[in-house]
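Asker: Got a file for you: query03.pdb, PDB, C-alpha atoms.
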MODEL        1
ATOM      1  CA  MET A   1     110.343  42.904  -6.609
ATOM      2  CA  SER A   2     110.583  42.553  -2.865
ATOM      3  CA  ILE A   3     109.280  39.493  -1.059
ATOM      4  CA  GLU A   4     106.536  41.584   0.545
ATOM      5  CA  ALA A   5     105.420  42.944  -2.787
ATOM      6  CA  LEU A   6     105.473  39.453  -4.195
ATOM      7  CA  LYS A   7     103.479  38.140  -1.240
ATOM      8  CA  LYS A   8     100.888  40.864  -1.711
ATOM      9  CA  GLU A   9     100.619  40.046  -5.395
ATOM     10  CA  ILE A  10     100.237  36.290  -4.835
ATOM     11  CA  ILE A  11      97.696  36.631  -1.994
ATOM     12  CA  SER A  12      95.731  39.165  -3.985
ATOM     13  CA  SER A  13      95.647  36.789  -6.900
ATOM     14  CA  ALA A  14      94.505  33.965  -4.590
ATOM     15  CA  GLU A  15      91.747  36.173  -3.180
ATOM     16  CA  LYS A  16      90.555  36.953  -6.690
ATOM     17  CA  GLU A  17      90.529  33.244  -7.478
ATOM     18  CA  ARG A  18      88.596  32.655  -4.226
ATOM     19  CA  GLU A  19      85.993  35.243  -5.191
ATOM     20  CA  LYS A  20      85.709  33.672  -8.620
ATOM     21  CA  ILE A  21      85.204  30.173  -7.165
ATOM     22  CA  ILE A  22      82.602  31.391  -4.635
ATOM     23  CA  GLY A  23      80.868  33.519  -7.294
ATOM     24  CA  GLU A  24      80.618  30.565  -9.646
ATOM     25  CA  ALA A  25      79.303  28.371  -6.830
ATOM     26  CA  LYS A  26      76.652  30.943  -5.942
ATOM     27  CA  ALA A  27      75.626  31.235  -9.584
ATOM     28  CA  GLU A  28      75.398  27.450  -9.832
ATOM     29  CA  ALA A  29      73.392  27.401  -6.575
ATOM     30  CA  GLN A  30      71.015  30.004  -7.992
ATOM     31  CA  ARG A  31      70.566  27.899 -11.141
ATOM     32  CA  ILE A  32      69.888  24.778  -9.068
ATOM     33  CA  ILE A  33      67.290  26.602  -6.953
ATOM     34  CA  GLU A  34      65.556  28.077  -9.993
ATOM     35  CA  GLU A  35      65.412  24.680 -11.694
ATOM     36  CA  ALA A  36      64.130  23.065  -8.507
ATOM     37  CA  ASN A  37      61.468  25.736  -8.097
ATOM     38  CA  GLU A  38      60.310  25.297 -11.688
ATOM     39  CA  ARG A  39      60.211  21.542 -11.249
ATOM     40  CA  ALA A  40      58.367  21.872  -7.924
ATOM     41  CA  LEU A  41      55.858  24.171  -9.587
ATOM     42  CA  ARG A  42      55.268  21.677 -12.400
ATOM     43  CA  ILE A  43      54.837  18.890  -9.826
ATOM     44  CA  ILE A  44      52.306  20.971  -7.872
ATOM     45  CA  GLU A  45      50.397  21.836 -11.064
ATOM     46  CA  ARG A  46      50.385  18.180 -12.144
ATOM     47  CA  LYS A  47      49.252  17.043  -8.710
ATOM     48  CA  ARG A  48      46.547  19.688  -8.602
ATOM     49  CA  ALA A  49      45.284  18.651 -12.028
ATOM     50  CA  GLN A  50      45.397  15.006 -10.931
ATOM     51  CA  ILE A  51      43.453  15.742  -7.731
ATOM     52  CA  GLU A  52      40.956  17.883  -9.657
ATOM     53  CA  SER A  53      40.433  14.994 -12.062
ATOM     54  CA  GLU A  54      40.009  12.514  -9.187
ATOM     55  CA  LEU A  55      37.556  14.820  -7.444
ATOM     56  CA  ARG A  56      35.646  15.286 -10.686
ATOM     57  CA  ASN A  57      35.416  11.515 -11.130
ATOM     58  CA  ARG A  58      34.347  11.011  -7.524
ATOM     59  CA  LYS A  59      31.724  13.716  -7.988
ATOM     60  CA  GLU A  60      30.395  12.109 -11.176
ATOM     61  CA  VAL A  61      30.141   8.731  -9.441
ATOM     62  CA  ALA A  62      28.435  10.241  -6.381
ATOM     63  CA  VAL A  63      25.929  12.094  -8.584
ATOM     64  CA  ALA A  64      25.254   8.962 -10.655
ATOM     65  CA  VAL A  65      24.669   6.925  -7.482
ATOM     66  CA  LYS A  66      22.356   9.617  -6.102
ATOM     67  CA  ARG A  67      20.407   9.669  -9.375
ATOM     68  CA  LEU A  68      20.016   5.891  -9.189
ATOM     69  CA  GLU A  69      18.840   6.168  -5.591
ATOM     70  CA  GLY A  70      16.419   8.898  -6.620
ATOM     71  CA  LYS A  71      15.040   6.843  -9.488
ATOM     72  CA  ARG A  72      14.676   3.887  -7.152
ATOM     73  CA  MET A  73      12.752   6.135  -4.756
ATOM     74  CA  VAL A  74      10.322   7.064  -7.557
ATOM     75  CA  TYR A  75      10.179   3.456  -8.752
ATOM     76  CA  GLU A  76       9.294   2.270  -5.234
ATOM     77  CA  GLN A  77       6.350   4.680  -5.153
ATOM     78  CA  ILE A  78       5.172   3.346  -8.520
ATOM     79  CA  MET A  79       5.488  -0.227  -7.265
ATOM     80  CA  LYS A  80       3.541   0.730  -4.137
ATOM     81  CA  LEU A  81       0.785   2.203  -6.321
ATOM     82  CA  LEU A  82       0.708  -0.881  -8.542
ATOM     83  CA  ASP A  83       0.432  -3.091  -5.458
ATOM     84  CA  GLU A  84      -2.490  -0.973  -4.301
ATOM     85  CA  VAL A  85      -4.136  -1.167  -7.731
ATOM     86  CA  ARG A  86      -3.722  -4.944  -7.741
ATOM     87  CA  GLU A  87      -5.008  -5.290  -4.170
ATOM     88  CA  LYS A  88      -8.046  -3.080  -4.750
ATOM     89  CA  SER A  89      -8.729  -4.822  -8.074
ATOM     90  CA  LEU A  90      -8.647  -8.167  -6.297
ATOM     91  CA  GLU A  91     -11.097  -6.844  -3.685
ATOM     92  CA  LYS A  92     -13.468  -5.745  -6.457
ATOM     93  CA  ILE A  93     -13.065  -9.004  -8.342
ATOM     94  CA  ARG A  94     -13.777 -10.970  -5.160
ATOM     95  CA  ALA A  95     -16.887  -8.833  -4.616
ATOM     96  CA  ILE A  96     -18.005  -9.451  -8.209
ATOM     97  CA  LYS A  97     -17.582 -13.184  -7.626
ATOM     98  CA  GLU A  98     -20.100 -12.933  -4.819
ATOM     99  CA  SER A  99     -22.632 -11.274  -7.109
ATOM    100  CA  ASP A 100     -24.878 -12.655  -9.879
ATOM    101  CA  GLU A 101     -22.596 -10.986 -12.381
ATOM    102  CA  TYR A 102     -20.128 -13.846 -11.932
ATOM    103  CA  ILE A 103     -22.464 -16.176 -13.854
ATOM    104  CA  ASP A 104     -22.395 -13.800 -16.824
ATOM    105  CA  ILE A 105     -18.625 -13.430 -16.635
ATOM    106  CA  VAL A 106     -17.990 -17.169 -16.487
ATOM    107  CA  SER A 107     -20.477 -17.728 -19.321
ATOM    108  CA  LYS A 108     -18.685 -15.204 -21.452
ATOM    109  CA  TYR A 109     -15.287 -16.811 -20.698
ATOM    110  CA  ILE A 110     -16.642 -20.206 -21.701
ATOM    111  CA  VAL A 111     -18.022 -18.830 -24.953
ATOM    112  CA  GLU A 112     -14.647 -17.279 -25.724
ATOM    113  CA  GLY A 113     -13.048 -20.657 -25.047
ATOM    114  CA  LEU A 114     -15.492 -22.565 -27.254
ATOM    115  CA  LYS A 115     -14.959 -20.142 -30.097
ATOM    116  CA  ASP A 116     -11.217 -20.208 -29.710
ATOM    117  CA  LEU A 117     -11.098 -23.997 -29.643
ATOM    118  CA  ASN A 118     -13.836 -24.213 -32.273
ATOM    119  CA  ILE A 119     -15.931 -26.715 -30.291
ATOM    120  CA  SER A 120     -19.433 -26.902 -28.864
ATOM    121  CA  GLU A 121     -18.822 -29.701 -26.419
ATOM    122  CA  ALA A 122     -16.312 -29.023 -23.689
ATOM    123  CA  LYS A 123     -15.036 -29.639 -20.254
ATOM    124  CA  VAL A 124     -15.052 -26.637 -17.944
ATOM    125  CA  LEU A 125     -12.515 -26.762 -15.153
ATOM    126  CA  TYR A 126     -13.041 -24.470 -12.228
ATOM    127  CA  SER A 127     -11.170 -23.570  -9.043
ATOM    128  CA  SER A 128     -11.740 -25.823  -6.051
ATOM    129  CA  SER A 129     -12.722 -22.701  -4.148
ATOM    130  CA  ASP A 130     -15.581 -22.200  -6.672
ATOM    131  CA  ALA A 131     -16.940 -25.740  -6.284
ATOM    132  CA  ASP A 132     -20.116 -24.648  -4.492
ATOM    133  CA  PHE A 133     -20.793 -21.913  -7.030
ATOM    134  CA  PHE A 134     -20.502 -24.243 -10.029
ATOM    135  CA  LYS A 135     -22.498 -27.021  -8.389
ATOM    136  CA  LYS A 136     -25.228 -24.515  -7.733
ATOM    137  CA  ASN A 137     -25.123 -22.635 -11.063
ATOM    138  CA  SER A 138     -23.900 -25.082 -13.706
ATOM    139  CA  ARG A 139     -27.298 -25.315 -15.392
ATOM    140  CA  LYS A 140     -27.743 -21.554 -15.443
ATOM    141  CA  ILE A 141     -24.266 -21.187 -16.893
ATOM    142  CA  SER A 142     -24.898 -23.837 -19.571
ATOM    143  CA  ASP A 143     -28.108 -22.105 -20.612
ATOM    144  CA  SER A 144     -26.434 -18.731 -20.655
ATOM    145  CA  VAL A 145     -23.525 -20.079 -22.722
ATOM    146  CA  SER A 146     -25.893 -21.726 -25.240
ATOM    147  CA  LYS A 147     -27.716 -18.446 -25.589
ATOM    148  CA  LEU A 148     -24.547 -16.436 -26.060
ATOM    149  CA  PHE A 149     -22.972 -19.041 -28.330
ATOM    150  CA  GLY A 150     -26.091 -19.194 -30.496
ATOM    151  CA  LYS A 151     -26.578 -22.939 -30.304
ATOM    152  CA  LYS A 152     -26.911 -25.674 -27.732
ATOM    153  CA  VAL A 153     -23.637 -26.572 -26.063
ATOM    154  CA  LYS A 154     -22.680 -29.538 -23.949
ATOM    155  CA  LEU A 155     -20.561 -28.657 -20.971
ATOM    156  CA  GLU A 156     -19.060 -30.870 -18.316
ATOM    157  CA  PHE A 157     -18.074 -28.926 -15.203
ATOM    158  CA  MET A 158     -15.110 -30.318 -13.268
ATOM    159  CA  ASP A 159     -13.114 -29.298 -10.244
ATOM    160  CA  SER A 160      -9.581 -28.573 -11.491
ATOM    161  CA  GLY A 161      -8.122 -29.564  -8.129
ATOM    162  CA  GLU A 162      -6.354 -26.220  -8.072
ATOM    163  CA  ASN A 163      -7.225 -23.067  -6.224
ATOM    164  CA  PHE A 164      -7.275 -19.920  -8.279
ATOM    165  CA  LEU A 165      -9.036 -16.640  -7.961
ATOM    166  CA  GLY A 166     -11.806 -17.314 -10.403
ATOM    167  CA  GLY A 167     -12.708 -17.888 -14.010
ATOM    168  CA  VAL A 168     -12.446 -21.157 -15.889
ATOM    169  CA  ILE A 169     -10.254 -23.356 -18.029
ATOM    170  CA  VAL A 170     -12.074 -24.709 -21.076
ATOM    171  CA  SER A 171     -10.874 -27.854 -22.810
ATOM    172  CA  ASP A 172     -12.072 -30.233 -25.455
ATOM    173  CA  VAL A 173     -13.556 -33.500 -24.194
ATOM    174  CA  ASP A 174     -10.243 -35.304 -24.656
ATOM    175  CA  GLU A 175      -8.436 -32.591 -22.689
ATOM    176  CA  LYS A 176      -5.935 -32.150 -25.486
ATOM    177  CA  VAL A 177      -6.352 -28.434 -25.997
ATOM    178  CA  PHE A 178      -7.056 -25.840 -23.355
ATOM    179  CA  TYR A 179      -8.280 -22.306 -23.243
ATOM    180  CA  VAL A 180      -7.261 -20.676 -19.980
ATOM    181  CA  SER A 181      -9.483 -17.847 -18.857
ATOM    182  CA  THR A 182      -8.842 -17.412 -15.164
ATOM    183  CA  PHE A 183      -8.887 -14.152 -13.265
ATOM    184  CA  ASP A 184      -5.362 -14.867 -12.078
ATOM    185  CA  GLY A 185      -4.063 -15.383 -15.604
ATOM    186  CA  LYS A 186      -5.858 -12.342 -16.937
ATOM    187  CA  LEU A 187      -4.695 -10.207 -14.047
ATOM    188  CA  ASN A 188      -1.082 -11.337 -14.381
ATOM    189  CA  ALA A 189      -1.123 -10.905 -18.138
ATOM    190  CA  LEU A 190      -2.580  -7.436 -17.769
ATOM    191  CA  PHE A 191       0.122  -6.375 -15.303
ATOM    192  CA  GLU A 192       2.826  -7.860 -17.513
ATOM    193  CA  GLU A 193       1.699  -6.935 -20.995
ATOM    194  CA  ARG A 194      -0.264  -3.745 -20.451
ATOM    195  CA  LEU A 195       1.571  -2.240 -17.530
ATOM    196  CA  ASP A 196       2.245   0.931 -19.505
ATOM    197  CA  GLU A 197      -1.499   1.521 -19.846
ATOM    198  CA  ILE A 198      -2.047   1.109 -16.107
ATOM    199  CA  LEU A 199       0.878   3.447 -15.421
ATOM    200  CA  ASN A 200      -0.502   5.940 -17.906
ATOM    201  CA  ILE A 201      -3.820   6.013 -16.055
ATOM    202  CA  LEU A 202      -2.032   6.425 -12.729
ATOM    203  CA  ARG A 203      -0.127   9.353 -14.215
ATOM    204  CA  GLY A 204      -3.407  10.967 -15.129
ATOM    205  CA  GLY A 205      -3.308  10.010 -18.801
ATOM    206  CA  VAL A 206      -6.322   9.010 -20.826
ATOM    207  CA  GLU A 207      -7.237   5.303 -20.908
TER
ATOM    208  CA  MET B   1     118.635  33.029  -0.981
ATOM    209  CA  SER B   2     117.387  29.947   0.803
ATOM    210  CA  GLU B   3     115.470  32.076   3.287
ATOM    211  CA  GLU B   4     113.765  33.999   0.499
ATOM    212  CA  LEU B   5     112.865  30.762  -1.225
ATOM    213  CA  ASN B   6     111.314  29.457   1.978
ATOM    214  CA  LYS B   7     109.283  32.652   2.325
ATOM    215  CA  LEU B   8     108.101  32.309  -1.254
ATOM    216  CA  LEU B   9     107.085  28.725  -0.661
ATOM    217  CA  GLU B  10     105.229  29.804   2.489
ATOM    218  CA  ILE B  11     103.388  32.487   0.501
ATOM    219  CA  GLU B  12     102.455  29.936  -2.170
ATOM    220  CA  ARG B  13     101.115  27.554   0.491
ATOM    221  CA  GLU B  14      99.030  30.354   2.011
ATOM    222  CA  ALA B  15      97.617  31.166  -1.412
ATOM    223  CA  GLU B  16      96.806  27.495  -1.944
ATOM    224  CA  ARG B  17      95.079  27.363   1.458
ATOM    225  CA  ILE B  18      92.941  30.362   0.471
ATOM    226  CA  ILE B  19      91.951  28.695  -2.783
ATOM    227  CA  GLU B  20      91.383  25.310  -1.153
ATOM    228  CA  ALA B  21      89.182  26.965   1.508
ATOM    229  CA  ALA B  22      87.238  28.678  -1.283
ATOM    230  CA  ARG B  23      86.756  25.351  -3.053
ATOM    231  CA  GLU B  24      85.482  23.801   0.184
ATOM    232  CA  GLU B  25      83.123  26.707   0.750
ATOM    233  CA  ALA B  26      81.879  26.463  -2.852
ATOM    234  CA  LYS B  27      81.341  22.741  -2.454
ATOM    235  CA  LYS B  28      79.323  23.344   0.721
ATOM    236  CA  ILE B  29      77.253  26.043  -1.010
ATOM    237  CA  ILE B  30      76.371  23.597  -3.802
ATOM    238  CA  GLU B  31      75.640  20.715  -1.403
ATOM    239  CA  ASP B  32      73.407  22.908   0.808
ATOM    240  CA  THR B  33      71.634  24.247  -2.247
ATOM    241  CA  LYS B  34      71.037  20.730  -3.596
ATOM    242  CA  LYS B  35      69.553  19.714  -0.247
ATOM    243  CA  GLU B  36      67.341  22.797  -0.314
ATOM    244  CA  ALA B  37      66.257  21.957  -3.875
ATOM    245  CA  GLU B  38      65.508  18.338  -2.958
ATOM    246  CA  GLU B  39      63.461  19.526   0.005
ATOM    247  CA  ALA B  40      61.457  21.878  -2.232
ATOM    248  CA  ILE B  41      60.708  19.009  -4.620
ATOM    249  CA  ARG B  42      59.850  16.619  -1.781
ATOM    250  CA  LYS B  43      57.390  19.169  -0.406
ATOM    251  CA  ALA B  44      55.905  19.581  -3.876
ATOM    252  CA  GLU B  45      55.473  15.808  -4.185
ATOM    253  CA  GLU B  46      53.732  15.725  -0.837
ATOM    254  CA  SER B  47      51.592  18.752  -1.566
ATOM    255  CA  ARG B  48      47.881  18.401  -0.860
ATOM    256  CA  PHE B  49      44.981  20.666  -1.624
ATOM    257  CA  PRO B  50      42.601  20.505   1.322
ATOM    258  CA  GLU B  51      40.919  23.763   0.328
ATOM    259  CA  LEU B  52      40.204  22.338  -3.131
ATOM    260  CA  GLU B  53      38.854  19.081  -1.682
ATOM    261  CA  GLU B  54      36.746  21.037   0.798
ATOM    262  CA  LYS B  55      35.354  23.243  -1.983
ATOM    263  CA  VAL B  56      34.442  20.262  -4.170
ATOM    264  CA  LYS B  57      32.916  18.464  -1.167
ATOM    265  CA  ARG B  58      30.767  21.505  -0.355
ATOM    266  CA  GLU B  59      29.627  21.793  -3.985
ATOM    267  CA  LEU B  60      28.958  18.059  -4.155
ATOM    268  CA  ASP B  61      26.971  18.015  -0.900
ATOM    269  CA  GLU B  62      24.895  20.890  -2.220
ATOM    270  CA  GLU B  63      24.283  19.184  -5.569
ATOM    271  CA  LEU B  64      23.446  15.845  -3.937
ATOM    272  CA  GLY B  65      21.072  17.589  -1.535
ATOM    273  CA  LYS B  66      19.298  19.312  -4.428
ATOM    274  CA  LEU B  67      19.096  16.029  -6.344
ATOM    275  CA  GLU B  68      17.647  14.220  -3.343
ATOM    276  CA  ASP B  69      15.062  16.950  -2.779
ATOM    277  CA  SER B  70      14.180  16.877  -6.465
ATOM    278  CA  TYR B  71      13.674  13.087  -6.501
ATOM    279  CA  LYS B  72      11.736  13.169  -3.217
ATOM    280  CA  GLU B  73       9.460  15.788  -4.734
ATOM    281  CA  GLU B  74       9.075  13.731  -7.918
ATOM    282  CA  ALA B  75       8.365  10.551  -5.922
ATOM    283  CA  LYS B  76       5.719  12.359  -3.859
ATOM    284  CA  LYS B  77       4.156  13.867  -6.982
ATOM    285  CA  VAL B  78       4.083  10.465  -8.688
ATOM    286  CA  TYR B  79       2.471   8.860  -5.634
ATOM    287  CA  ASP B  80      -0.049  11.659  -5.056
ATOM    288  CA  THR B  81      -1.068  11.711  -8.728
ATOM    289  CA  GLY B  82      -1.273   7.925  -8.649
ATOM    290  CA  LEU B  83      -3.541   8.014  -5.615
ATOM    291  CA  GLU B  84      -5.795  10.534  -7.355
ATOM    292  CA  ASN B  85      -6.118   8.173 -10.312
ATOM    293  CA  LEU B  86      -6.054   4.918  -8.385
ATOM    294  CA  GLU B  87      -9.765   4.257  -8.752
ATOM    295  CA  LYS B  88      -9.587   4.800 -12.515
ATOM    296  CA  ALA B  89      -6.710   2.321 -12.737
ATOM    297  CA  VAL B  90      -8.626  -0.203 -10.626
ATOM    298  CA  GLU B  91     -11.704   0.226 -12.830
ATOM    299  CA  PHE B  92      -9.560  -0.334 -15.910
ATOM    300  CA  VAL B  93      -7.970  -3.479 -14.457
ATOM    301  CA  VAL B  94     -11.267  -4.952 -13.271
ATOM    302  CA  LYS B  95     -12.928  -4.150 -16.599
ATOM    303  CA  GLU B  96     -10.100  -5.806 -18.526
ATOM    304  CA  VAL B  97     -10.067  -8.867 -16.277
ATOM    305  CA  ILE B  98     -13.772  -9.565 -16.194
ATOM    306  CA  GLY B  99     -14.085  -8.550 -19.842
TER
ENDMDL
END
Mind turning this structure into structure tokens?
Answerer:
Amino acid sequence: MSIEALKKEIISSAEKEREKIIGEAKAEAQRIIEEANERALRIIERKRAQIESELRNRKEVAVAVKRLEGKRMVYEQIMKLLDEVREKSLEKIRAIKESDEYIDIVSKYIVEGLKDLNISEAKVLYSSSDADFFKKNSRKISDSVSKLFGKKVKLEFMDSGENFLGGVIVSDVDEKVFYVSTFDGKLNALFEERLDEILNILRGGVE
Amino acid sequence: MSEELNKLLEIEREAERIIEAAREEAKKIIEDTKKEAEEAIRKAEESRFPELEEKVKRELDEELGKLEDSYKEEAKKVYDTGLENLEKAVEFVVKEVIG
């Protein structure tokens, strides 16, 4: 074989080897790109799912907060109504105190106290703001109580030294046991213990 | 004979240069491809979904708006009904207090 023929053969063989090396590199490159694309796709899907989950959580929190705000809005209206009920009730109670009916009410409270304490002789403590009323009406009240109680009672009326809306505190003569029957106490107890009934009426329910 | 041997050696060297150049080119192809792959993955890691966030925000705003309207309506209804029945409630309270 001539040198030229040999050269041609060797170079041709080298070119084939070159093509093989480049071909293999391109195939490897293709594999790398495909793997990278698959991985990138998985990353994007994972990130999307993660963001969707975060957005869902944020949405749930925002809705929960809005519901709380909404309930507070309703609750504030209820509280406003209850304040109005209390205020108007106080106005009516104050008006009743200015009427003759107050004697009957106080008499009834005292009778309840006597029965509860099982006594017929008692001290009756009243609000300092009612001092004039009791000084003026103590006899009438005693008579009324005796009548309601069904027998003669002995009552000692005393200024409690405290200011309350109205009503009385009945105690035995030794002031060991007390029966509290003040408007304030009754009003507070009513708003604490029977609030559902007041709310039911406000909602249009039957008393 | 010596001259022919030299020529043969020269041919061999040329063939080696061709193959070496091919190896270099292949190496560059792989390196460039790896960089391209890394870039694709980096972009994936940094991917954001503003259209998705915008969609959820729109839906959320709408839902929150509806909720607010609903509670405002309920609050107004509760208050209006309460006002209608306020006198009855006051009567009940006064009756219970004075006995």
Asker: At a cut-off of 9 Å, using only C-alpha atoms, what residues contact Asn85 in chain B? Leave out same-chain residues fewer than 4 positions from it and give the result as a list in words.
Answerer: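 Counting only the stated atoms, we get Ile201, Leu202, Arg203 and Gly204 of chain A; Asp80, Thr81, Ala89 and Val90 of chain B.
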Asker: With 8 Å on each side, where is the centre of the axis-aligned box around all listed atoms of range 81-97 of chain B, and how long are its edges in Å to one decimal, as JSON?
Answerer:
{"center_x": -7.0, "center_y": 1.4, "center_z": -12.1, "size_x": 27.9, "size_y": 36.6, "size_z": 28.9}
Asker: Sorted by chain and rising residue number, list the residues of chain A at most 6 Å from chain B (counting all atoms listed in the file), each with its closest atom pair and distance in Å to one decimal, as a Markdown table.
Answerer:
| residue | atom | partner | partner_atom | distance |
| --- | --- | --- | --- | --- |
| A:Lys7 | CA | B:Ile11 | CA | 5.9 |
| A:Ile11 | CA | B:Ala15 | CA | 5.5 |
| A:Ala14 | CA | B:Ala15 | CA | 5.3 |
| A:Arg18 | CA | B:Ala22 | CA | 5.1 |
| A:Ile22 | CA | B:Ala26 | CA | 5.3 |
| A:Ala25 | CA | B:Ala26 | CA | 5.1 |
| A:Ala29 | CA | B:Ile30 | CA | 5.6 |
| A:Ile33 | CA | B:Ala37 | CA | 5.7 |
| A:Ala36 | CA | B:Ala37 | CA | 5.2 |
| A:Ala40 | CA | B:Ile41 | CA | 5.0 |
| A:Ile44 | CA | B:Ala44 | CA | 5.6 |
| A:Gly70 | CA | B:Tyr71 | CA | 5.0 |
| A:Val74 | CA | B:Ala75 | CA | 4.3 |
| A:Gln77 | CA | B:Tyr79 | CA | 5.7 |
| A:Val85 | CA | B:Val90 | CA | 5.4 |
| A:Ser89 | CA | B:Val90 | CA | 5.3 |
| A:Lys186 | CA | B:Val97 | CA | 5.5 |
| A:Leu187 | CA | B:Val97 | CA | 6.0 |
| A:Ile198 | CA | B:Ala89 | CA | 5.9 |
| A:Ile201 | CA | B:Ala89 | CA | 5.7 |
| A:Leu202 | CA | B:Gly82 | CA | 4.4 |
| A:Arg203 | CA | B:Gly82 | CA | 5.9 |
Asker: Take the residues from that selection and write them out as a short mmCIF file (atom, residue, chain, number, x, y, z; two decimals), in the coordinates of the input, keeping C-alpha atoms.
Answerer:
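Output contents, as saved in part05.cif:
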data_model
loop_
_atom_site.label_atom_id
_atom_site.label_comp_id
_atom_site.auth_asym_id
_atom_site.auth_seq_id
_atom_site.Cartn_x
_atom_site.Cartn_y
_atom_site.Cartn_z
CA LYS A 7 103.48 38.14 -1.24
CA ILE A 11 97.70 36.63 -1.99
CA ALA A 14 94.50 33.97 -4.59
CA ARG A 18 88.60 32.66 -4.23
CA ILE A 22 82.60 31.39 -4.64
CA ALA A 25 79.30 28.37 -6.83
CA ALA A 29 73.39 27.40 -6.58
CA ILE A 33 67.29 26.60 -6.95
CA ALA A 36 64.13 23.06 -8.51
CA ALA A 40 58.37 21.87 -7.92
CA ILE A 44 52.31 20.97 -7.87
CA GLY A 70 16.42 8.90 -6.62
CA VAL A 74 10.32 7.06 -7.56
CA GLN A 77 6.35 4.68 -5.15
CA VAL A 85 -4.14 -1.17 -7.73
CA SER A 89 -8.73 -4.82 -8.07
CA LYS A 186 -5.86 -12.34 -16.94
CA LEU A 187 -4.70 -10.21 -14.05
CA ILE A 198 -2.05 1.11 -16.11
CA ILE A 201 -3.82 6.01 -16.06
CA LEU A 202 -2.03 6.42 -12.73
CA ARG A 203 -0.13 9.35 -14.22
#
Asker: Report as a ChimeraX atom specification the full result of the PyMOL selection byres ((chain A and resi 121-130) around 9) when it is applied to this structure.
Answerer: /A:110,114,119-120,131-135,153-175,182
Asker: By how many Å are CA of Glu19 in chain A and CA of Glu34 in chain A apart?
Answerer: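 For CA of Glu19 in chain A relative to CA of Glu34 in chain A, the distance reads 22.2 Å.
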Asker: Rounded to one decimal place, report the CA of Met79 in chain A-CA of Val180 in chain A distance in Å.
Answerer: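 Here the two named atoms are 27.2 Å from each other.
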Asker: CA of Ser142 in chain A and CA of Ser107 in chain A are how many Å apart?
Answerer: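 Between CA of Ser142 in chain A and CA of Ser107 in chain A the gap works out to 7.5 Å.
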Asker: Fix up range 152-166 of chain A with N, CA and C atoms, then write it as an mmCIF file, in the coordinates of the input.
Answerer:
data_model
loop_
_atom_site.group_PDB
_atom_site.id
_atom_site.type_symbol
_atom_site.label_atom_id
_atom_site.label_comp_id
_atom_site.auth_asym_id
_atom_site.auth_seq_id
_atom_site.Cartn_x
_atom_site.Cartn_y
_atom_site.Cartn_z
ATOM 1 N N LYS A 152 -26.985 -24.845 -28.939
ATOM 2 C CA LYS A 152 -26.911 -25.674 -27.732
ATOM 3 C C LYS A 152 -25.482 -26.200 -27.543
ATOM 4 N N VAL A 153 -24.967 -26.043 -26.345
ATOM 5 C CA VAL A 153 -23.637 -26.572 -26.063
ATOM 6 C C VAL A 153 -23.734 -27.637 -24.976
ATOM 7 N N LYS A 154 -22.712 -28.498 -24.979
ATOM 8 C CA LYS A 154 -22.680 -29.538 -23.949
ATOM 9 C C LYS A 154 -21.430 -29.304 -23.102
ATOM 10 N N LEU A 155 -21.683 -28.989 -21.856
ATOM 11 C CA LEU A 155 -20.561 -28.657 -20.971
ATOM 12 C C LEU A 155 -20.494 -29.615 -19.795
ATOM 13 N N GLU A 156 -19.256 -30.044 -19.502
ATOM 14 C CA GLU A 156 -19.060 -30.870 -18.316
ATOM 15 C C GLU A 156 -18.194 -30.057 -17.337
ATOM 16 N N PHE A 157 -18.800 -29.743 -16.186
ATOM 17 C CA PHE A 157 -18.074 -28.926 -15.203
ATOM 18 C C PHE A 157 -17.255 -29.824 -14.275
ATOM 19 N N MET A 158 -16.002 -29.477 -14.081
ATOM 20 C CA MET A 158 -15.110 -30.318 -13.268
ATOM 21 C C MET A 158 -14.241 -29.455 -12.357
ATOM 22 N N ASP A 159 -14.048 -29.963 -11.170
ATOM 23 C CA ASP A 159 -13.114 -29.298 -10.244
ATOM 24 C C ASP A 159 -11.695 -29.524 -10.774
ATOM 25 N N SER A 160 -10.953 -28.443 -10.953
ATOM 26 C CA SER A 160 -9.581 -28.573 -11.491
ATOM 27 C C SER A 160 -8.616 -29.149 -10.457
ATOM 28 N N GLY A 161 -9.036 -29.119 -9.190
ATOM 29 C CA GLY A 161 -8.122 -29.564 -8.129
ATOM 30 C C GLY A 161 -7.131 -28.492 -7.731
ATOM 31 N N GLU A 162 -7.258 -27.345 -8.377
ATOM 32 C CA GLU A 162 -6.354 -26.220 -8.072
ATOM 33 C C GLU A 162 -7.178 -25.067 -7.532
ATOM 34 N N ASN A 163 -6.549 -24.269 -6.710
ATOM 35 C CA ASN A 163 -7.225 -23.067 -6.224
ATOM 36 C C ASN A 163 -6.726 -21.851 -6.972
ATOM 37 N N PHE A 164 -7.621 -21.204 -7.669
ATOM 38 C CA PHE A 164 -7.275 -19.920 -8.279
ATOM 39 C C PHE A 164 -8.407 -18.942 -8.019
ATOM 40 N N LEU A 165 -8.132 -17.724 -8.358
ATOM 41 C CA LEU A 165 -9.036 -16.640 -7.961
ATOM 42 C C LEU A 165 -10.440 -16.774 -8.544
ATOM 43 N N GLY A 166 -10.504 -17.194 -9.758
ATOM 44 C CA GLY A 166 -11.806 -17.314 -10.403
ATOM 45 C C GLY A 166 -11.651 -17.518 -11.878
#
